[in-house]
Amino acid sequence: MRPAHICLAVLVAAVWGVNFTIVEVGLGHFPPLLFSALRFLVAALPAVFFVGRPKVAWKWIVSVGLVLGVAKFGLLFIGMDAGMPAGLSSLVLQIQAVFTALIAYVVLGERPTGVRLTGMAVALCGVGLAAVDEGTGGPLGAFALVIAAAACWGVSNVLTRRASPPDSLNFMVWVSTVPVLPLLGLSLLTEGPARDLDALRALDWRGAGIVVYVAWITTVLGFGAWGWLLHRHPASTVAPFSLLVPVFGMSSAALFLGESVGPLRWGAAALLVGGVALTSLAPSWTARAPVRPPDGPARDRIGEQA
């Protein structure tokens with residue numbers, strides 16, 4: 001990769017990592033489900049009028065939109081709102097690589113290699129260590145919600161692989177149109193119209209800037225740049241840069257939110273990042289051919305880190 005392209009890949013990882021800190025601040029302005037709905041609304045509009053018509057069947061757009069947008073981000077935002085630290089969330093969410101491999105084995109018949117199975121085991125040890133760390137100072141229920149969010153992300157990765165969109169940015173923008181109404185409906189039912197209206201009435205420049213960052217910078221520009229890199233370099237070359245996301249996530253949370261990072265969390269980070277690296281970058285299947293050949297680990301991650 002050219003130095004400029006390396007800098008761009010690191011910049012995208014930094015944007016995605018810092019996004020967890022931005023989300024944490026945003027949850028002080030909005031209820032979690034309303035916040036997630038606003039994120040996708042602003043990501044979809046006005047971009048949907050400029051990316052052209054959908055280039056895959058609507059069944060894939062709707063299914064990924066519901067699993068990724070409603071389930072994954074709904075659970076993630078609720079978990080963070082319930083007390084899951086931003087830095088730890090950026091780390092634990094990477095277990096999605098393990099869920100992706102397991103679901104691909106069940107659904108697509110991709111049999112993991114020994115190296116990949118080792119990576120899964122190492123990553124799961126990292127999650128266990130992170131759970132021990134969180135159990136000493138935070139709610140384990142919120143931790144479980146983020147794990148569930150990672151599982152939903154794994155499902156959406158497999159759905160995206162089946163969809164095989166030719167234009168990743170076009171796909172992500174159209175996917176962003178799907179979660180808006182379901183998330184708004186769930187917010188009205190669970191968070192209440194009064195709380196939602198209070199949040200919207202209190203909207204200030206800081207709150208608006210947070211929504212713009214998580215929608216345009218993280219989703220549209222971040223994903224667009226990542227897709228641009230994937231069109232110019234092998235997926236195996238681009239994918240490792242995504243492992244920098246929890247590094248930036250934990251660092252920004254410590255710097256701006258004052259989150260402490262003790263020995264247990266550093267140990268969990270080393271195990272998780274190492275395990276995810278083995279799981280993501282090792283050959284993904286052996287004897288039984290999948291329904292559709294995988295496009296590479298970087299394409300499994302359909303673009304967002306939070």
# chains A, B, ... in the order shown; residues from 1 in each chain; ligands from 1

$ residues_around --residues "Val15 (chain A)" --least-positions-apart "6" --cutoff "8 Å" --atoms "only C-alpha atoms" --output "list of chain:residue names"
A:Ile217, A:Thr218, A:Gly222

$ closest_atom_pairs --of "region 119-179 of chain A" --to "region 25-48 of chain A" --cutoff "7 Å" --atoms "only C-alpha atoms" --output "Markdown table"
| residue | atom | partner | partner_atom | distance |
| --- | --- | --- | --- | --- |
| A:Val173 | CA | A:Ala44 | CA | 5.4 |
| A:Trp174 | CA | A:Val48 | CA | 6.5 |
| A:Ser176 | CA | A:Phe40 | CA | 5.1 |
| A:Thr177 | CA | A:Ala44 | CA | 5.5 |
| A:Pro179 | CA | A:Ala37 | CA | 6.8 |

$ residues_around --residues "Trp153 (chain A)" --least-positions-apart "2" --cutoff "6 Å" --atoms "only C-alpha atoms" --output "PyMOL selection string"
chain A and resi 68+72+150-151+155-156

$ closest_residue --among "A:Phe143, A:Phe223, A:Trp205, A:Trp228" --to "Trp16 (chain A)" --atoms "only C-alpha atoms"
A:Phe223

$ closest_residue --among "A:Ala130, A:Arg201, A:Tyr105, A:Glu191" --to "Pro263 (chain A)" --atoms "only C-alpha atoms"
A:Ala130

$ select_by_dssp --residues "region 7-145 of chain A" --states "helix (DSSP H, G or I)" --output "PyMOL selection string"
chain A and resi 7-26+32-44+47-49+58-81+86-108+114-135+140-145

$ atom_distance --atom1 "CA of Gly249 (chain A)" --atom2 "CA of Thr160 (chain A)"
25.1 Å

$ residues_around --residues "Ser251 (chain A)" --least-positions-apart "5" --cutoff "12 Å" --atoms "only C-alpha atoms" --output "ChimeraX atom specification"
/A:14,17-21,86-88,90-91,244-246,256-261,266,269

$ atom_distance --atom1 "CA of Leu102 (chain A)" --atom2 "CA of Ala149 (chain A)"
15.2 Å

$ closest_residue --among "A:Asp196, A:Pro112, A:Pro182, A:Gly79" --to "Ile147 (chain A)" --atoms "only C-alpha atoms"
A:Gly79
